[in-house]
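Have a look at data-v3.cif below; it lists mmCIF, C-alpha atoms.
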```cif
data_input
loop_
_atom_site.label_atom_id
_atom_site.label_comp_id
_atom_site.auth_asym_id
_atom_site.auth_seq_id
_atom_site.Cartn_x
_atom_site.Cartn_y
_atom_site.Cartn_z
CA MET A 815 114.34 14.59 -147.48
CA THR A 816 112.69 17.34 -145.43
CA TRP A 817 110.15 16.47 -142.73
CA TRP A 818 107.13 17.61 -144.75
CA SER A 819 108.31 15.84 -147.91
CA ILE A 820 108.43 12.53 -145.97
CA VAL A 821 104.90 13.10 -144.67
CA ILE A 822 103.57 14.06 -148.12
CA ALA A 823 105.30 11.06 -149.76
CA ALA A 824 103.91 8.71 -147.05
CA GLY A 825 100.42 10.14 -147.59
CA ALA A 826 100.67 9.90 -151.38
CA GLY A 827 102.06 6.35 -151.23
CA THR A 828 99.34 5.17 -148.83
CA PHE A 829 96.70 6.81 -151.03
CA LEU A 830 97.99 5.09 -154.19
CA ILE A 831 98.10 1.70 -152.41
CA ARG A 832 94.37 2.19 -151.72
CA TYR A 833 93.32 3.98 -154.91
CA LEU A 834 94.88 2.02 -157.79
CA PRO A 835 93.53 -1.40 -156.70
CA LEU A 836 90.08 0.18 -156.13
CA LEU A 837 89.97 1.26 -159.78
CA SER A 838 91.03 -2.16 -161.06
CA GLY A 839 88.55 -3.69 -158.60
CA THR A 840 85.56 -2.37 -160.55
CA ARG A 841 86.56 -4.65 -163.46
CA LEU A 842 87.22 -7.58 -161.13
CA ALA A 843 83.86 -7.05 -159.45
CA ARG A 844 82.11 -7.88 -162.71
CA SER A 845 84.07 -11.11 -163.23
CA GLU A 846 82.83 -14.47 -161.96
CA GLY A 847 86.19 -16.21 -161.54
CA TRP A 848 88.31 -17.39 -158.65
CA LEU A 849 89.57 -13.87 -157.95
CA SER A 850 86.02 -12.61 -157.47
CA ARG A 851 85.33 -15.37 -154.90
CA PHE A 852 88.65 -14.60 -153.21
CA LEU A 853 87.77 -10.91 -152.90
CA GLY A 854 84.30 -11.81 -151.66
CA ALA A 855 85.81 -13.76 -148.75
CA LEU A 856 88.48 -11.14 -148.00
CA GLY A 857 86.25 -8.87 -145.87
CA LEU A 858 85.32 -11.55 -143.36
CA ALA A 859 88.92 -12.81 -143.26
CA ALA A 860 90.21 -9.28 -142.60
CA ILE A 861 87.73 -8.78 -139.73
CA ALA A 862 88.79 -12.10 -138.14
CA ALA A 863 92.48 -11.19 -138.46
CA LEU A 864 91.86 -7.72 -137.00
CA ILE A 865 90.08 -9.25 -133.97
CA VAL A 866 93.10 -11.43 -133.23
CA LEU A 867 95.51 -8.53 -133.70
CA SER A 868 93.61 -6.08 -131.49
CA MET A 869 92.75 -8.59 -128.74
CA SER A 870 96.28 -9.98 -128.55
CA ASP A 871 97.54 -6.44 -127.83
CA LEU A 872 95.20 -6.29 -124.81
CA TRP A 873 96.09 -9.81 -123.69
CA TRP A 874 99.81 -9.02 -123.60
CA GLN A 875 99.11 -5.92 -121.48
CA ALA A 876 97.84 -8.24 -118.70
CA PRO A 877 98.60 -11.89 -119.52
CA HIS A 878 96.93 -13.57 -116.51
CA TRP A 879 93.48 -14.94 -115.63
CA ARG A 880 92.05 -11.51 -114.79
CA GLY A 881 93.03 -10.18 -118.21
CA GLY A 882 91.54 -13.26 -119.88
CA LEU A 883 88.32 -12.98 -117.88
CA ARG A 884 87.94 -9.30 -118.80
CA LEU A 885 88.40 -10.07 -122.49
CA ALA A 886 85.90 -12.95 -122.27
CA LEU A 887 83.31 -10.76 -120.47
CA GLY A 888 83.71 -7.91 -122.93
CA ALA A 889 83.51 -10.22 -125.94
CA THR A 890 80.44 -12.04 -124.57
CA ALA A 891 78.68 -8.73 -123.95
CA VAL A 892 79.35 -7.60 -127.54
CA LEU A 893 78.06 -10.84 -129.03
CA LEU A 894 74.96 -10.90 -126.78
CA VAL A 895 73.97 -7.32 -127.57
CA GLN A 896 74.66 -7.81 -131.28
CA ARG A 897 72.42 -10.88 -131.22
CA LEU A 898 69.59 -9.07 -129.42
CA THR A 899 69.77 -5.82 -131.42
CA PRO A 900 71.56 -5.65 -134.78
CA ASN A 901 73.21 -2.38 -133.73
CA VAL A 902 77.01 -2.38 -134.09
CA GLY A 903 77.47 0.93 -132.22
CA LEU A 904 75.44 -0.19 -129.20
CA ALA A 905 77.17 -3.58 -129.06
CA THR A 906 80.56 -1.84 -129.21
CA LEU A 907 79.71 0.61 -126.42
CA VAL A 908 78.20 -2.04 -124.12
CA GLY A 909 81.14 -4.41 -124.69
CA ALA A 910 83.69 -1.65 -123.98
CA SER A 911 81.76 -0.58 -120.84
CA ILE A 912 81.66 -4.15 -119.52
CA TYR A 913 85.38 -4.53 -120.21
CA GLY A 914 86.13 -1.28 -118.38
CA ALA A 915 83.86 -2.23 -115.45
CA ALA A 916 85.45 -5.69 -115.23
CA GLY A 917 88.89 -4.06 -115.09
CA TRP A 918 87.75 -1.88 -112.20
CA ALA A 919 86.01 -4.79 -110.37
CA LEU A 920 88.90 -7.24 -110.84
CA ALA A 921 91.66 -4.78 -109.92
CA GLU A 922 94.13 -6.17 -107.38
CA MET B 87 58.94 13.66 -156.99
CA ASN B 88 61.12 10.81 -158.31
CA LEU B 89 63.71 13.31 -159.53
CA GLU B 90 63.75 14.93 -156.09
CA ARG B 91 64.21 11.51 -154.45
CA ALA B 92 67.02 10.64 -156.87
CA ILE B 93 68.83 13.89 -156.06
CA SER B 94 68.42 13.64 -152.29
CA SER B 95 69.18 9.93 -152.13
CA PRO B 96 73.03 10.16 -152.20
CA TRP B 97 72.90 12.82 -149.49
CA ARG B 98 70.59 10.65 -147.42
CA ALA B 99 72.94 7.67 -147.89
CA ALA B 100 75.94 9.83 -146.94
CA GLY B 101 74.09 11.03 -143.82
CA GLN B 102 73.27 7.47 -142.88
CA GLY B 103 76.92 6.47 -143.35
CA LEU B 104 77.97 9.40 -141.17
CA ARG B 105 75.53 8.31 -138.44
CA GLU B 106 76.77 4.71 -138.66
CA SER B 107 80.35 5.92 -138.25
CA LEU B 108 79.60 6.61 -134.56
CA SER B 109 81.18 3.34 -133.44
CA LEU B 110 84.30 4.22 -135.48
CA VAL B 111 84.35 7.71 -133.98
CA VAL B 112 84.26 6.28 -130.45
CA GLY B 113 87.09 3.90 -131.37
CA TYR B 114 89.24 6.38 -133.27
CA ALA B 115 89.07 9.43 -131.02
CA PRO B 116 91.10 8.03 -128.06
CA ILE B 117 93.71 6.44 -130.34
CA ALA B 118 94.08 9.66 -132.32
CA PHE B 119 94.29 11.56 -129.02
CA SER B 120 97.18 9.29 -127.96
CA PHE B 121 98.83 9.87 -131.33
CA GLY B 122 98.64 13.63 -130.81
CA VAL B 123 100.12 13.34 -127.32
CA ILE B 124 102.96 11.02 -128.39
CA THR B 125 103.82 13.13 -131.43
CA VAL B 126 104.17 16.31 -129.37
CA GLN B 127 106.14 14.44 -126.70
CA SER B 128 108.48 13.25 -129.50
CA GLY B 129 109.42 16.86 -130.17
CA LEU B 130 107.12 17.68 -133.10
CA THR B 131 104.74 20.65 -133.08
CA PRO B 132 100.94 20.24 -132.78
CA TRP B 133 100.66 21.41 -136.41
CA GLN B 134 102.97 18.63 -137.53
CA ALA B 135 100.90 16.07 -135.59
CA VAL B 136 97.69 17.28 -137.24
CA GLY B 137 99.47 17.44 -140.62
CA ILE B 138 100.41 13.75 -140.42
CA SER B 139 96.83 12.75 -139.56
CA LEU B 140 95.41 15.01 -142.29
CA LEU B 141 97.72 13.72 -145.03
CA VAL B 142 98.44 10.09 -144.13
CA PHE B 143 95.30 8.85 -142.23
CA ALA B 144 96.72 5.39 -141.57
CA GLY B 145 96.51 4.56 -137.84
CA ALA B 146 99.32 2.31 -136.66
CA SER B 147 101.77 3.29 -139.38
CA GLN B 148 101.57 6.92 -138.18
CA PHE B 149 102.82 5.84 -134.73
CA VAL B 150 105.70 3.96 -136.38
CA MET B 151 106.44 6.96 -138.58
CA VAL B 152 106.72 9.36 -135.62
CA ALA B 153 108.81 6.88 -133.59
CA MET B 154 111.26 6.40 -136.48
CA MET B 155 111.47 10.13 -137.18
CA ALA B 156 112.11 10.84 -133.49
CA ALA B 157 114.86 8.19 -133.53
CA GLY B 158 116.51 9.99 -136.46
CA SER B 159 115.83 7.39 -139.19
CA GLY B 160 116.36 8.48 -142.79
CA GLY B 161 113.47 9.64 -144.96
CA LEU B 162 113.53 6.64 -147.30
CA THR B 163 113.66 4.21 -144.36
CA VAL B 164 110.63 5.85 -142.75
CA LEU B 165 108.79 5.93 -146.06
CA SER B 166 109.41 2.27 -146.88
CA ALA B 167 108.35 1.20 -143.34
CA VAL B 168 105.07 3.12 -143.65
CA LEU B 169 104.32 1.72 -147.10
CA MET B 170 105.21 -1.85 -146.08
CA MET B 171 102.83 -1.58 -143.11
CA ASN B 172 100.04 -0.38 -145.39
CA LEU B 173 100.53 -3.04 -148.08
CA ARG B 174 97.52 -4.96 -146.79
CA HIS B 175 95.35 -2.10 -148.07
CA LEU B 176 96.18 -3.25 -151.62
CA PHE B 177 93.43 -5.84 -151.27
CA TYR B 178 90.78 -3.62 -149.68
CA GLY B 179 89.84 -1.64 -152.81
CA PRO B 180 89.05 -4.60 -155.07
CA ALA B 181 87.15 -6.34 -152.24
CA LEU B 182 85.08 -3.21 -151.55
CA ALA B 183 84.37 -2.78 -155.27
CA THR B 184 82.69 -6.20 -155.34
CA ARG B 185 80.11 -4.91 -152.81
CA LEU B 186 79.41 -1.46 -154.30
CA VAL B 187 76.29 -0.81 -156.37
CA VAL B 188 78.46 1.30 -158.67
CA LEU B 189 81.77 3.15 -158.36
CA PRO B 190 81.55 6.70 -159.76
CA ARG B 191 85.00 7.83 -160.99
CA ARG B 192 84.77 11.19 -159.22
CA LEU B 193 84.12 9.53 -155.84
CA ALA B 194 86.81 6.85 -156.16
CA PRO B 195 89.73 9.02 -154.88
CA TRP B 196 87.74 10.06 -151.80
CA LEU B 197 86.61 6.50 -151.08
CA ALA B 198 90.19 5.25 -151.47
CA PHE B 199 91.63 7.93 -149.18
CA GLY B 200 89.30 6.87 -146.36
CA LEU B 201 89.77 3.13 -146.77
CA THR B 202 91.32 2.26 -143.39
CA ASP B 203 91.10 -1.14 -141.67
CA GLU B 204 88.07 -0.11 -139.63
CA VAL B 205 86.19 1.61 -142.46
CA PHE B 206 86.82 -1.42 -144.68
CA ALA B 207 85.68 -3.88 -141.98
CA THR B 208 82.50 -1.86 -141.28
CA ALA B 209 81.67 -1.55 -144.98
CA MET B 210 82.26 -5.23 -145.68
CA ALA B 211 80.12 -6.29 -142.71
CA LYS B 212 77.30 -4.07 -143.98
CA GLY B 213 77.89 -5.23 -147.55
CA ALA B 214 77.41 -8.87 -146.54
CA SER B 215 73.64 -8.31 -146.42
CA ARG B 216 73.07 -5.75 -149.20
CA PRO B 217 74.97 -3.85 -151.92
CA LEU B 218 76.62 -0.65 -150.69
CA GLU B 219 75.93 2.88 -151.87
CA PRO B 220 79.21 4.75 -152.56
CA ALA B 221 77.76 7.80 -150.78
CA TRP B 222 77.14 5.68 -147.66
CA CYS B 223 80.80 4.57 -147.69
CA LEU B 224 81.87 8.18 -148.13
CA GLY B 225 79.77 9.27 -145.13
CA LEU B 226 81.25 6.45 -143.05
CA ALA B 227 84.83 7.35 -144.01
CA SER B 228 84.18 11.07 -143.40
CA GLY B 229 83.06 10.41 -139.82
CA ALA B 230 86.15 8.30 -139.19
CA TYR B 231 88.45 10.92 -140.77
CA LEU B 232 86.97 13.79 -138.75
CA ALA B 233 87.35 11.78 -135.54
CA TRP B 234 90.94 10.90 -136.42
CA VAL B 235 92.02 14.45 -137.25
CA GLY B 236 89.96 15.99 -134.42
CA GLY B 237 91.32 13.48 -131.87
CA THR B 238 94.89 14.20 -133.00
CA ALA B 239 94.35 17.94 -132.69
CA LEU B 240 92.92 17.56 -129.17
CA GLY B 241 95.73 15.26 -128.04
CA ALA B 242 98.42 17.49 -129.55
CA SER B 243 97.02 20.64 -127.96
CA MET B 244 95.93 19.28 -124.57
CA GLY B 245 98.68 16.72 -123.96
CA ALA B 246 98.35 13.64 -121.74
CA GLY B 247 95.17 13.92 -119.72
CA TRP B 248 92.13 11.99 -118.63
CA ALA B 249 92.43 9.28 -121.31
CA ASN B 250 95.83 8.19 -120.03
CA ASP B 251 95.07 7.99 -116.31
CA GLY B 252 94.41 4.22 -116.36
CA GLY B 253 90.88 4.71 -114.91
CA TYR B 254 87.57 3.14 -115.91
CA VAL B 255 87.11 5.26 -119.05
CA ALA B 256 90.65 4.63 -120.28
CA GLN B 257 90.23 0.89 -119.73
CA ALA B 258 86.88 0.84 -121.53
CA LEU B 259 88.37 2.77 -124.47
CA ASP B 260 91.11 0.15 -124.80
CA PHE B 261 88.46 -2.39 -125.77
CA VAL B 262 86.53 -0.25 -128.25
CA LEU B 263 88.30 -1.46 -131.41
CA PRO B 264 88.26 -5.19 -130.52
CA ALA B 265 84.56 -4.77 -129.57
CA LEU B 266 83.84 -3.06 -132.88
CA PHE B 267 85.52 -5.85 -134.87
CA LEU B 268 83.63 -8.51 -132.88
CA ALA B 269 80.30 -6.78 -133.49
CA LEU B 270 81.13 -6.51 -137.21
CA LEU B 271 82.02 -10.20 -137.32
CA ALA B 272 78.70 -11.06 -135.67
CA GLN B 273 76.89 -8.88 -138.22
CA ALA B 274 78.64 -10.46 -141.23
CA TRP B 275 78.59 -14.00 -139.82
CA ARG B 276 77.27 -16.80 -142.01
CA ARG B 277 77.48 -20.36 -140.67
CA ALA B 278 78.97 -21.64 -143.94
CA ARG B 279 81.77 -19.10 -143.69
CA TRP B 280 83.27 -20.38 -140.42
CA PRO B 281 86.40 -21.90 -142.10
CA VAL B 282 87.28 -18.41 -143.44
CA VAL B 283 87.12 -16.96 -139.92
CA ALA B 284 88.92 -19.91 -138.30
CA VAL B 285 91.79 -19.96 -140.81
CA ALA B 286 92.25 -16.17 -140.85
CA ALA B 287 92.26 -15.99 -137.02
CA GLY B 288 94.43 -19.09 -136.58
CA VAL B 289 97.06 -18.10 -139.15
CA THR B 290 97.22 -14.54 -137.75
CA LEU B 291 97.69 -15.88 -134.21
CA LEU B 292 100.40 -18.32 -135.28
CA GLY B 293 102.04 -15.74 -137.55
CA MET B 294 102.45 -13.35 -134.61
CA VAL B 295 104.93 -15.81 -133.11
CA TRP B 296 107.36 -15.14 -135.99
CA TRP B 297 106.37 -11.84 -137.60
CA PRO B 298 105.21 -8.34 -136.58
CA GLY B 299 101.44 -7.97 -136.17
CA HIS B 300 100.78 -6.21 -139.48
CA VAL B 301 102.60 -8.95 -141.45
CA ALA B 302 100.80 -11.74 -139.55
CA MET B 303 97.48 -9.99 -140.20
CA LEU B 304 98.16 -9.72 -143.94
CA ILE B 305 99.09 -13.41 -144.21
CA GLY B 306 96.13 -14.50 -142.05
CA MET B 307 93.71 -12.40 -144.10
CA LEU B 308 94.99 -13.85 -147.39
CA ALA B 309 94.92 -17.42 -146.04
CA GLY B 310 91.30 -17.01 -144.87
CA ALA B 311 90.21 -15.53 -148.20
CA LEU B 312 91.99 -18.35 -150.05
CA VAL B 313 90.02 -20.93 -148.07
CA GLY B 314 86.83 -18.96 -148.75
CA SER B 315 87.42 -18.94 -152.50
CA ARG B 316 88.20 -22.68 -152.62
CA ARG B 317 85.15 -23.58 -150.54
CA SER B 318 82.88 -21.53 -152.78
CA ARG B 319 84.23 -23.32 -155.84
CA THR B 320 83.78 -26.74 -154.22
CA ARG B 321 80.19 -25.87 -153.34
CA CYS B 322 79.51 -24.61 -156.87
CA SER B 323 80.81 -27.85 -158.42
CA ARG B 324 78.77 -29.91 -155.93
CA GLU B 325 75.64 -27.94 -156.81
CA ALA B 326 76.37 -28.40 -160.51
CA MET B 327 76.59 -32.19 -160.06
CA THR B 328 73.28 -32.54 -158.16
#
```
Before we go any further, please render this structure as C-alpha cells.
Amino acid sequence: MTWWSIVIAAGAGTFLIRYLPLLSGTRLARSEGWLSRFLGALGLAAIAALIVLSMSDLWWQAPHWRGGLRLALGATAVLLVQRLTPNVGLATLVGASIYGAAGWALAE
Amino acid sequence: MNLERAISSPWRAAGQGLRESLSLVVGYAPIAFSFGVITVQSGLTPWQAVGISLLVFAGASQFVMVAMMAAGSGGLTVLSAVLMMNLRHLFYGPALATRLVVLPRRLAPWLAFGLTDEVFATAMAKGASRPLEPAWCLGLASGAYLAWVGGTALGASMGAGWANDGGYVAQALDFVLPALFLALLAQAWRRARWPVVAVAAGVTLLGMVWWPGHVAMLIGMLAGALVGSRRSRTRCSREAMT
C-alpha cells in the first residue's frame, strides 16, 4: 500500500464508522426501547470516561502532590465558573489558566 | 417574514454552533500544532501532515498512525490500528441522532465526518437541555475541523516553538481538554444520573490498569450507558406501579 492509499483508507474507514451508525440511529431515535435509553445515557457516560482518560494523562506526567493539587485547583475553578455562569468556553479558559498558574507557582 | 426566518434559521444555528466551538478551537489548536510538529519530525512533509488531518480528522489515532508509519509498519497493520482506536465512534452517531430535531440526509455525511470525541461530548451536553439543530452541530464541527487542520498546518510549517517550551501557556494548554470535558459534565449534570458518571469513570480508571486508554474508555462508556439504561427502566416500572 502506498502512503496516500493508507491515509485515504484510514479516513474512509473512520468516516464509515461514524456515518453508518448515524443513519441507523435515526430509526433507533424514534424507538422507545432499551436501546433508546442506552443511547440516551451514552453521552454522559462518554464525557465521564473522557475526563478520566484526559486527566490521567496529566497525572502520570507529574504523579506527586503538586501534580494532584494543580489538577484539583484547575478542576475546582472549572466547576465554580460553570456553576456561576453557564458558559462552557469561559469555564474551560479559566480552569486552564488556573492550572497553568498553579504549575508556575508550585514549580520546584 | 416567516419564510425569511425559516430560511435564515439554519444559518443562524450554524453560526451559533461555530461561535460555541470556541472552547473546542482552544483545545484542538495546540494538539493539532503538536501533531504537525511530530509528523514533520518523523520525516513526512508538511503537506502529508495536513493531508492526514484533512482526510482522517481523528485526534489520537493520527498520532498512532504517524508513529507506526515512521516505524515502518505495514499498511494493513496501520489501518487496523487506526480503525480499532476509532471503534468507540460506532456508538456516537446513534446517540447523537436521539438528540437531533431531525437528521436531513444531505447533512448526515458532513455531521458524521466531524463527529469526534469532543464534538460529540459538546453536542450531547447541549442536547441534555434541548433538542439539537443539525445546522448547529455542523457549525460546531466546522469550527473544530478548521482548528484541527489549521493547527496542523501551523505546527508542520513552523516546527517546535512556543507551545513546547514548558512555560505557563504550554502548561495551561495541557489542561484545556480535561477542563472542557469537566465543564461539559457540569452542564449536562443531572443528580439522578450520578451512577452513569460514577460507573463510566470508575470502569475507565480500572480498565486503564489492564488495557490501553482507548479500550478502557470504550468499556467504561458502555458500562456507564448500560447502568443508565437499567436505571431508567427501573424508574419507569416504579412510576407505573405508583
Kindly give the distance, in Å, that separates CA of Glu219 (chain B) and CA of Leu830 (chain A), rounded to a single decimal.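 These two atoms are separated by 22.3 Å.
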Selection in question (the file shown): the PyMOL selection byres ((chain B) within 6 of (chain A)). Which residues does it include, as a PDB file with C-alpha atoms, in the frame of the given file?
```pdb
ATOM      1  CA  SER B 109      81.180   3.340-133.440  1.00  0.00           C
ATOM      2  CA  LEU B 141      97.720  13.720-145.030  1.00  0.00           C
ATOM      3  CA  VAL B 142      98.440  10.090-144.130  1.00  0.00           C
ATOM      4  CA  GLY B 161     113.470   9.640-144.960  1.00  0.00           C
ATOM      5  CA  LEU B 165     108.790   5.930-146.060  1.00  0.00           C
ATOM      6  CA  HIS B 175      95.350  -2.100-148.070  1.00  0.00           C
ATOM      7  CA  LEU B 176      96.180  -3.250-151.620  1.00  0.00           C
ATOM      8  CA  GLY B 179      89.840  -1.640-152.810  1.00  0.00           C
ATOM      9  CA  PRO B 180      89.050  -4.600-155.070  1.00  0.00           C
ATOM     10  CA  ALA B 181      87.150  -6.340-152.240  1.00  0.00           C
ATOM     11  CA  ALA B 183      84.370  -2.780-155.270  1.00  0.00           C
ATOM     12  CA  THR B 184      82.690  -6.200-155.340  1.00  0.00           C
ATOM     13  CA  ALA B 198      90.190   5.250-151.470  1.00  0.00           C
ATOM     14  CA  PHE B 199      91.630   7.930-149.180  1.00  0.00           C
ATOM     15  CA  ALA B 207      85.680  -3.880-141.980  1.00  0.00           C
ATOM     16  CA  MET B 210      82.260  -5.230-145.680  1.00  0.00           C
ATOM     17  CA  TYR B 254      87.570   3.140-115.910  1.00  0.00           C
ATOM     18  CA  GLN B 257      90.230   0.890-119.730  1.00  0.00           C
ATOM     19  CA  ALA B 258      86.880   0.840-121.530  1.00  0.00           C
ATOM     20  CA  PHE B 261      88.460  -2.390-125.770  1.00  0.00           C
ATOM     21  CA  VAL B 262      86.530  -0.250-128.250  1.00  0.00           C
ATOM     22  CA  PRO B 264      88.260  -5.190-130.520  1.00  0.00           C
ATOM     23  CA  ALA B 265      84.560  -4.770-129.570  1.00  0.00           C
ATOM     24  CA  LEU B 266      83.840  -3.060-132.880  1.00  0.00           C
ATOM     25  CA  PHE B 267      85.520  -5.850-134.870  1.00  0.00           C
ATOM     26  CA  ALA B 269      80.300  -6.780-133.490  1.00  0.00           C
ATOM     27  CA  VAL B 282      87.280 -18.410-143.440  1.00  0.00           C
ATOM     28  CA  VAL B 283      87.120 -16.960-139.920  1.00  0.00           C
ATOM     29  CA  ALA B 286      92.250 -16.170-140.850  1.00  0.00           C
ATOM     30  CA  ALA B 287      92.260 -15.990-137.020  1.00  0.00           C
ATOM     31  CA  THR B 290      97.220 -14.540-137.750  1.00  0.00           C
ATOM     32  CA  MET B 303      97.480  -9.990-140.200  1.00  0.00           C
ATOM     33  CA  MET B 307      93.710 -12.400-144.100  1.00  0.00           C
ATOM     34  CA  GLY B 310      91.300 -17.010-144.870  1.00  0.00           C
ATOM     35  CA  ALA B 311      90.210 -15.530-148.200  1.00  0.00           C
ATOM     36  CA  LEU B 312      91.990 -18.350-150.050  1.00  0.00           C
ATOM     37  CA  GLY B 314      86.830 -18.960-148.750  1.00  0.00           C
ATOM     38  CA  SER B 315      87.420 -18.940-152.500  1.00  0.00           C
TER      39      SER B 315
END
```
One decimal, in Å: what's the spacing between CA of Gly237 (chain B) and CA of Leu140 (chain B)?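 Taking CA of Gly237 (chain B) as the start and CA of Leu140 (chain B) as the end point, the length is 11.3 Å.
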Here is a test: counting all atoms listed in the file, which residue of B:Val188, B:Ala156, B:Leu270, B:Leu197 is nearest to Ile124 (chain B)? B:Ala156
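The interatomic distance for the pair CA of Ala135 (chain B) and CA of Trp222 (chain B) works out to 28.6 Å.
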What lies within 8 Å of region 116-122 of chain B using all atoms listed in the file, ignoring chain neighbours under 3 positions off, as a count of residues only? 25
With 6 Å added on each side, what axis-aligned box encloses every listed atom of region 149-153 of chain B? Give the centre and edge lengths in Å to one decimal, as AutoDock Vina command-line options.
```
--center_x 105.8 --center_y 6.7 --center_z -136.1 --size_x 18.0 --size_y 17.4 --size_z 17.0
```
Enumerate, as a PyMOL selection string, the residues matched when the PyMOL selection byres ((chain B and resi 302) around 8) is run on the file above. chain B and resi 289-294+297-301+303-306
